[in-house]
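Asker: This is the content of model24.txt (compact mmCIF, C-alpha atoms):
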# COMPACT_ATOMS: atom_id res chain seq x y z
CA MET A 18 -63.03 23.64 6.20
CA SER A 19 -65.57 25.41 8.36
CA THR A 20 -68.04 23.15 10.16
CA ASP A 21 -70.30 25.97 11.36
CA ASN A 22 -71.36 27.32 7.97
CA PRO A 23 -75.10 28.04 8.19
CA LEU A 24 -75.65 26.36 4.82
CA ASN A 25 -74.48 23.07 6.32
CA ASP A 26 -77.81 22.92 8.18
CA PRO A 27 -80.34 21.17 5.89
CA ALA A 28 -83.15 23.10 7.61
CA ALA A 29 -81.61 26.49 6.77
CA ASP A 30 -83.28 28.65 4.13
CA PRO A 31 -80.49 29.33 1.58
CA PHE A 32 -82.17 32.57 0.48
CA GLU A 33 -82.29 33.85 4.07
CA VAL A 34 -78.59 33.04 4.44
CA ALA A 35 -77.96 34.97 1.21
CA ARG A 36 -79.89 37.96 2.57
CA ALA A 37 -77.86 37.80 5.78
CA ALA A 38 -74.67 37.73 3.72
CA ALA A 39 -75.85 40.72 1.69
CA ASP A 40 -76.56 42.63 4.92
CA VAL A 41 -73.03 41.94 6.16
CA ILE A 42 -71.54 43.08 2.84
CA ALA A 43 -73.60 46.29 2.99
CA SER A 44 -72.51 46.92 6.58
CA LYS A 45 -68.81 46.25 6.00
CA SER A 46 -68.56 48.02 2.64
CA GLY A 47 -70.91 50.91 3.35
CA ILE A 48 -72.60 50.24 0.00
CA GLU A 49 -76.31 49.50 0.32
CA ARG A 50 -76.81 48.22 -3.23
CA HIS A 51 -74.65 46.66 -5.91
CA ASP A 52 -75.70 46.82 -9.55
CA ILE A 53 -73.56 44.16 -11.20
CA ALA A 54 -71.68 41.13 -9.86
CA LEU A 55 -68.68 39.24 -11.18
CA THR A 56 -67.29 35.85 -10.20
CA LEU A 57 -63.66 35.85 -11.26
CA GLY A 58 -62.30 32.41 -12.08
CA SER A 59 -58.79 31.30 -12.99
CA GLY A 60 -57.01 33.97 -15.03
CA TRP A 61 -59.64 36.68 -14.55
CA GLY A 62 -58.66 38.07 -11.15
CA LYS A 63 -56.80 41.19 -12.34
CA ALA A 64 -60.05 42.61 -13.72
CA ALA A 65 -61.01 43.55 -10.17
CA ASP A 66 -58.06 45.96 -10.06
CA ILE A 67 -59.01 47.93 -13.17
CA ILE A 68 -62.80 48.05 -13.45
CA GLY A 69 -63.06 50.80 -10.85
CA GLU A 70 -62.06 51.98 -7.39
CA THR A 71 -62.12 49.42 -4.59
CA VAL A 72 -64.35 50.62 -1.76
CA SER A 73 -64.00 47.57 0.47
CA GLU A 74 -62.37 44.15 0.38
CA ILE A 75 -63.87 41.65 2.82
CA PRO A 76 -62.37 38.24 3.67
CA ALA A 77 -64.94 35.70 2.54
CA SER A 78 -64.75 33.92 5.89
CA GLU A 79 -66.36 37.01 7.51
CA VAL A 80 -69.51 36.76 5.36
CA PRO A 81 -72.24 34.24 6.31
CA GLY A 82 -72.25 31.16 4.09
CA PHE A 83 -68.85 31.87 2.51
CA SER A 84 -65.49 30.30 3.23
CA ALA A 85 -61.96 31.00 2.08
CA SER A 86 -61.24 29.71 -1.42
CA ALA A 87 -59.67 26.26 -1.48
CA VAL A 88 -58.31 26.61 -5.02
CA PRO A 89 -55.03 28.33 -5.99
CA GLY A 90 -55.69 31.29 -8.27
CA HIS A 91 -58.77 32.54 -6.39
CA SER A 92 -58.48 35.52 -4.04
CA GLY A 93 -60.76 34.38 -1.22
CA THR A 94 -62.34 37.83 -0.81
CA VAL A 95 -65.56 39.68 -1.61
CA ARG A 96 -64.81 43.12 -3.02
CA SER A 97 -67.03 46.16 -3.48
CA ILE A 98 -65.94 48.39 -6.36
CA ALA A 99 -67.19 51.84 -7.39
CA LEU A 100 -67.41 51.96 -11.17
CA PRO A 101 -66.59 55.17 -13.06
CA ASP A 102 -70.25 55.68 -14.04
CA GLY A 103 -71.46 55.66 -10.42
CA ARG A 104 -72.64 52.06 -10.25
CA HIS A 105 -71.18 49.52 -7.82
CA ALA A 106 -69.84 46.08 -8.67
CA LEU A 107 -69.57 43.13 -6.32
CA VAL A 108 -66.53 41.02 -7.20
CA ILE A 109 -66.52 37.47 -5.85
CA GLY A 110 -63.09 35.90 -5.56
CA ALA A 111 -64.23 33.09 -3.26
CA ARG A 112 -65.89 30.56 -5.52
CA THR A 113 -66.92 27.25 -3.98
CA HIS A 114 -66.53 24.46 -6.52
CA TYR A 115 -68.86 21.49 -6.74
CA TYR A 116 -65.98 19.04 -6.32
CA GLU A 117 -65.14 20.43 -2.88
CA GLY A 118 -68.06 18.41 -1.55
CA HIS A 119 -69.86 21.16 0.37
CA GLY A 120 -73.14 20.73 -1.50
CA VAL A 121 -74.85 22.74 -4.22
CA ARG A 122 -76.21 25.36 -1.81
CA ARG A 123 -72.65 26.41 -1.00
CA VAL A 124 -71.68 26.36 -4.71
CA VAL A 125 -74.39 28.88 -5.66
CA HIS A 126 -74.41 30.92 -2.44
CA SER A 127 -72.25 33.65 -3.97
CA VAL A 128 -74.71 34.15 -6.81
CA ARG A 129 -77.70 34.26 -4.48
CA THR A 130 -75.85 36.73 -2.28
CA ALA A 131 -75.08 38.91 -5.30
CA ALA A 132 -78.77 38.94 -6.19
CA ALA A 133 -79.64 39.84 -2.60
CA THR A 134 -77.30 42.86 -2.80
CA GLY A 135 -79.39 44.11 -5.73
CA ALA A 136 -77.22 43.01 -8.66
CA ALA A 137 -79.25 42.54 -11.86
CA VAL A 138 -76.35 41.28 -14.01
CA MET A 139 -74.17 38.29 -13.11
CA ILE A 140 -70.90 37.82 -14.99
CA LEU A 141 -69.47 34.32 -14.52
CA THR A 142 -65.92 33.59 -15.64
CA ASN A 143 -63.73 30.51 -15.55
CA GLY A 144 -60.60 28.91 -16.87
CA ALA A 145 -61.45 25.88 -19.02
CA GLY A 146 -60.35 23.39 -21.63
CA GLY A 147 -61.14 24.01 -25.28
CA ILE A 148 -62.41 21.45 -27.79
CA LYS A 149 -62.03 23.63 -30.89
CA GLU A 150 -58.44 23.22 -32.01
CA HIS A 151 -58.02 26.83 -33.17
CA TRP A 152 -58.60 28.09 -29.60
CA THR A 153 -55.05 28.55 -28.41
CA PRO A 154 -54.29 28.93 -24.67
CA GLY A 155 -55.19 32.45 -23.58
CA THR A 156 -58.25 32.77 -25.83
CA PRO A 157 -61.36 34.30 -24.17
CA VAL A 158 -64.62 32.72 -25.34
CA LEU A 159 -68.24 33.74 -24.68
CA ILE A 160 -70.51 31.04 -23.26
CA SER A 161 -73.63 30.71 -25.42
CA ASP A 162 -75.22 27.77 -23.55
CA HIS A 163 -74.23 24.96 -21.23
CA ILE A 164 -74.53 21.22 -20.67
CA ASN A 165 -74.73 20.29 -17.00
CA LEU A 166 -73.10 16.89 -16.41
CA THR A 167 -73.00 17.14 -12.62
CA ALA A 168 -76.35 15.30 -12.33
CA ASP A 169 -77.31 17.98 -9.81
CA SER A 170 -79.22 21.27 -9.63
CA PRO A 171 -79.43 24.26 -7.27
CA LEU A 172 -83.22 24.19 -7.63
CA GLU A 173 -85.04 22.40 -4.84
CA GLY A 174 -88.52 20.89 -4.90
CA ALA A 175 -91.07 21.70 -7.59
CA THR A 176 -89.16 24.73 -8.85
CA PHE A 177 -89.36 25.01 -12.63
CA VAL A 178 -87.14 27.62 -14.29
CA ASP A 179 -86.86 28.18 -18.04
CA LEU A 180 -83.25 28.13 -19.25
CA THR A 181 -83.91 28.71 -22.96
CA ASP A 182 -81.98 31.99 -23.09
CA LEU A 183 -79.90 31.51 -19.94
CA TYR A 184 -76.78 33.20 -21.33
CA SER A 185 -78.06 36.59 -22.40
CA ALA A 186 -77.92 37.25 -26.14
CA ARG A 187 -78.06 40.98 -25.34
CA LEU A 188 -74.99 40.84 -23.13
CA ARG A 189 -73.09 38.69 -25.60
CA ALA A 190 -73.84 41.29 -28.27
CA VAL A 191 -72.50 44.00 -25.94
CA ALA A 192 -69.30 41.96 -25.44
CA ARG A 193 -68.85 41.47 -29.20
CA GLY A 194 -69.33 45.20 -29.61
CA VAL A 195 -66.28 45.64 -27.40
CA ASP A 196 -64.30 42.88 -29.15
CA PRO A 197 -65.76 41.67 -32.48
CA SER A 198 -63.22 38.83 -32.59
CA LEU A 199 -64.82 37.03 -29.64
CA ASP A 200 -65.91 33.49 -30.45
CA GLU A 201 -68.52 31.60 -28.45
CA GLY A 202 -69.35 28.05 -27.51
CA VAL A 203 -71.27 25.65 -25.30
CA TYR A 204 -69.76 25.08 -21.86
CA THR A 205 -69.87 21.56 -20.41
CA GLN A 206 -69.61 21.29 -16.63
CA PHE A 207 -68.18 18.02 -15.35
CA ARG A 208 -68.11 17.14 -11.65
CA GLY A 209 -64.28 17.21 -11.25
CA PRO A 210 -61.82 17.50 -9.64
CA HIS A 211 -60.10 15.11 -12.06
CA TYR A 212 -59.67 16.32 -15.60
CA GLU A 213 -61.81 14.72 -18.27
CA THR A 214 -60.60 11.65 -20.14
CA PRO A 215 -60.14 11.89 -23.91
CA ALA A 216 -63.27 9.74 -24.32
CA GLU A 217 -65.28 12.09 -22.09
CA VAL A 218 -64.09 15.07 -24.13
CA GLN A 219 -65.23 13.33 -27.31
CA MET A 220 -68.58 12.63 -25.63
CA ALA A 221 -68.92 16.32 -24.78
CA LYS A 222 -68.08 17.22 -28.37
CA THR A 223 -70.60 14.71 -29.71
CA ILE A 224 -73.45 16.10 -27.59
CA GLY A 225 -72.68 19.69 -28.57
CA GLY A 226 -70.03 20.92 -26.13
CA HIS A 227 -67.10 23.15 -27.09
CA ILE A 228 -65.65 23.97 -23.66
CA VAL A 229 -65.07 21.66 -20.67
CA GLY A 230 -64.70 22.71 -17.05
CA MET A 231 -65.77 22.24 -13.45
CA SER A 232 -67.83 25.32 -12.57
CA THR A 233 -70.32 27.93 -13.83
CA ALA A 234 -73.36 25.92 -14.98
CA LEU A 235 -74.89 25.46 -11.52
CA GLU A 236 -74.18 29.11 -10.69
CA ALA A 237 -75.84 30.25 -13.91
CA ILE A 238 -78.99 28.27 -13.10
CA ALA A 239 -79.17 29.89 -9.67
CA ALA A 240 -78.66 33.31 -11.21
CA ARG A 241 -81.55 32.74 -13.59
CA GLN A 242 -83.75 31.57 -10.69
CA ALA A 243 -82.91 34.86 -8.95
CA GLY A 244 -83.98 36.85 -12.04
CA MET A 245 -80.47 37.95 -13.04
CA GLU A 246 -79.19 38.46 -16.57
CA VAL A 247 -76.17 36.19 -17.13
CA LEU A 248 -72.99 36.71 -19.12
CA GLY A 249 -70.46 33.87 -19.21
CA PHE A 250 -66.79 33.94 -20.24
CA SER A 251 -64.30 31.07 -20.44
CA LEU A 252 -60.57 31.61 -20.70
CA ILE A 253 -59.24 28.71 -22.71
CA THR A 254 -56.19 27.70 -20.69
CA ASN A 255 -55.45 24.50 -22.61
CA LEU A 256 -56.90 22.24 -25.25
CA ALA A 257 -58.94 19.44 -23.68
CA ALA A 258 -57.60 15.93 -23.07
CA GLY A 259 -57.03 13.95 -26.24
CA ILE A 260 -57.02 17.13 -28.33
CA GLN A 261 -53.97 18.45 -26.51
CA LYS A 262 -51.31 15.77 -26.79
CA THR A 263 -49.46 16.56 -23.54
CA PRO A 264 -50.71 15.77 -20.00
CA LEU A 265 -52.94 18.33 -18.30
CA SER A 266 -52.03 20.08 -15.04
CA HIS A 267 -53.36 22.84 -12.80
CA ALA A 268 -49.96 24.53 -13.05
CA GLU A 269 -50.55 24.83 -16.80
CA VAL A 270 -53.96 26.40 -16.14
CA LEU A 271 -52.45 28.96 -13.76
CA GLU A 272 -49.60 29.78 -16.14
CA ALA A 273 -51.94 30.33 -19.09
CA GLY A 274 -54.09 32.51 -16.85
CA ARG A 275 -51.12 34.61 -15.74
CA GLU A 276 -49.99 35.18 -19.31
CA ALA A 277 -53.46 36.18 -20.53
CA GLU A 278 -54.51 38.11 -17.42
CA PRO A 279 -53.63 41.68 -18.48
CA ARG A 280 -55.41 41.32 -21.82
CA ILE A 281 -58.55 39.60 -20.57
CA ALA A 282 -58.78 41.89 -17.53
CA ASP A 283 -58.84 44.86 -19.89
CA LEU A 284 -61.46 43.13 -22.04
CA LEU A 285 -63.69 42.43 -19.03
CA ALA A 286 -63.34 46.00 -17.74
CA ARG A 287 -64.43 47.36 -21.12
CA VAL A 288 -67.38 44.95 -21.23
CA VAL A 289 -68.52 46.03 -17.74
CA ALA A 290 -68.36 49.66 -18.83
CA ALA A 291 -70.26 48.90 -22.05
CA ILE A 292 -73.03 47.08 -20.18
CA GLY A 293 -73.56 50.21 -18.11
CA SER A 294 -73.66 52.52 -21.12
CA SER A 295 -75.90 50.37 -23.34
CA PRO A 296 -79.45 51.68 -23.85
CA GLU A 297 -80.97 48.45 -22.50
CA ALA A 298 -79.05 48.64 -19.22
CA ALA A 299 -81.80 50.44 -17.35
CA GLU A 300 -84.33 47.84 -18.51
CA GLY A 301 -81.98 45.01 -17.45
CA SER A 302 -81.58 46.51 -13.97
CA ALA A 303 -85.29 46.08 -13.37
CA LEU A 304 -85.14 42.27 -13.58
Output the file's structure in the form of structure tokens.
Answerer:
Amino acid sequence: MSTDNPLNDPAADPFEVARAAADVIASKSGIERHDIALTLGSGWGKAADIIGETVSEIPASEVPGFSASAVPGHSGTVRSIALPDGRHALVIGARTHYYEGHGVRRVVHSVRTAAATGAAVMILTNGAGGIKEHWTPGTPVLISDHINLTADSPLEGATFVDLTDLYSARLRAVARGVDPSLDEGVYTQFRGPHYETPAEVQMAKTIGGHIVGMSTALEAIAARQAGMEVLGFSLITNLAAGIQKTPLSHAEVLEAGREAEPRIADLLARVVAAIGSSPEAAEGSAL
């Protein structure tokens, strides 16, 4: 764990650190502006290989505010990709999770950096547990809303941000245009790193949750604060505790991700292309 991360200084301006990170990405990649950003969680990593041509792949440790990923299944790099339609995508494979204990500023730094590079659309993906029993492992699900059970927020001070339509209905419609079979549900972020108990899963279900995991919600809030349009995807890697009758393990998450990766990578690549070709894309890029 790095001890000299600029975000460890409580006096640091997290938005200035994000701008500094964006400047480094522009310098190292040679790309002045990115149009769309993706955070690739467990099972989604292969999408970076097929959405376009990689221009630059930068170790996260070389970008201010980032550090190498501490979680197996994450690449630990920041990648600039030229899309076939001429846009550029920033692919973040170095997610900092809340349970790592670095603080919320570090958790949402990648999103703020993406916004500072110019990205107007933020696609957040994760591997998660499913509460609906018909969601078999390997099922991709759109996030329609979230419940934040971390008891924390990336917003500081008297900063009031409306989250009514946080997960863009427009972008979800684009995704369903690519794959009409896509289901959707409410994502519930727990603090982690332990998996939820069966009672906690039932609580999430009772209050309106359909998906349980340990990421995404805080990042989505920061993306909305930055004026980005948000699309969320969960890969259901297992049924949640108490619904699935066998013990949960990270190895199971990784295995489900590996098995589903080719299919969901293709899905995500087609969604990225469809976002660019949709008539509202130019309007969305002005956010």
Asker: Atom CA of Arg280 of chain A to atom CA of Pro76 of chain A: how many Å, to one decimal?
Answerer: 26.6 Å
Asker: What's the separation between atom CA of Ser44 of chain A and atom CA of Val72 of chain A, in Å to one decimal place?
Answerer: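 Atom CA of Val72 of chain A lies at a distance of 12.2 Å from atom CA of Ser44 of chain A.
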Asker: Write out as a ChimeraX atom specification each polymer residue whose atoms come within 6 Å of Thr94 of chain A, counting all atoms listed in the file; drop sequence neighbours fewer than 6 positions from it.
Answerer: /A:75-77,110-111
Asker: Choose the residue, out of A:Val203, A:Gln242, A:Ala145, A:Val108, that has the smallest atom-to-atom separation from Lys63 of chain A; count all atoms listed in the file.
Answerer: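 For Lys63 of chain A, the nearest of the candidates is A:Val108.
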Asker: Return the single residue from A:Val125, A:Leu256, A:Met245, A:Leu285 that is closest to Leu172 of chain A, with distances computed using all atoms listed in the file.
Answerer: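 Using all atoms listed in the file, Leu172 of chain A sits closest to A:Val125.
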Asker: I'd like the neighbourhood of Gly62 of chain A as a PDB file with C-alpha atoms, in the frame of the given file, where a residue qualifies if any of its atoms comes within 10 Å (using all atoms listed in the file), though same-chain residues fewer than 2 positions away should be ignored.
Answerer:
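File written: part31.pdb
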ATOM      1  CA  THR A  56     -67.290  35.850 -10.200  1.00  0.00           C
ATOM      2  CA  LEU A  57     -63.660  35.850 -11.260  1.00  0.00           C
ATOM      3  CA  GLY A  58     -62.300  32.410 -12.080  1.00  0.00           C
ATOM      4  CA  SER A  59     -58.790  31.300 -12.990  1.00  0.00           C
ATOM      5  CA  GLY A  60     -57.010  33.970 -15.030  1.00  0.00           C
ATOM      6  CA  ALA A  64     -60.050  42.610 -13.720  1.00  0.00           C
ATOM      7  CA  ALA A  65     -61.010  43.550 -10.170  1.00  0.00           C
ATOM      8  CA  ASP A  66     -58.060  45.960 -10.060  1.00  0.00           C
ATOM      9  CA  GLY A  90     -55.690  31.290  -8.270  1.00  0.00           C
ATOM     10  CA  HIS A  91     -58.770  32.540  -6.390  1.00  0.00           C
ATOM     11  CA  SER A  92     -58.480  35.520  -4.040  1.00  0.00           C
ATOM     12  CA  VAL A 108     -66.530  41.020  -7.200  1.00  0.00           C
ATOM     13  CA  ILE A 109     -66.520  37.470  -5.850  1.00  0.00           C
ATOM     14  CA  GLY A 110     -63.090  35.900  -5.560  1.00  0.00           C
ATOM     15  CA  THR A 142     -65.920  33.590 -15.640  1.00  0.00           C
ATOM     16  CA  GLY A 274     -54.090  32.510 -16.850  1.00  0.00           C
ATOM     17  CA  ARG A 275     -51.120  34.610 -15.740  1.00  0.00           C
ATOM     18  CA  GLU A 278     -54.510  38.110 -17.420  1.00  0.00           C
ATOM     19  CA  PRO A 279     -53.630  41.680 -18.480  1.00  0.00           C
ATOM     20  CA  ILE A 281     -58.550  39.600 -20.570  1.00  0.00           C
ATOM     21  CA  ALA A 282     -58.780  41.890 -17.530  1.00  0.00           C
TER      22      ALA A 282
END
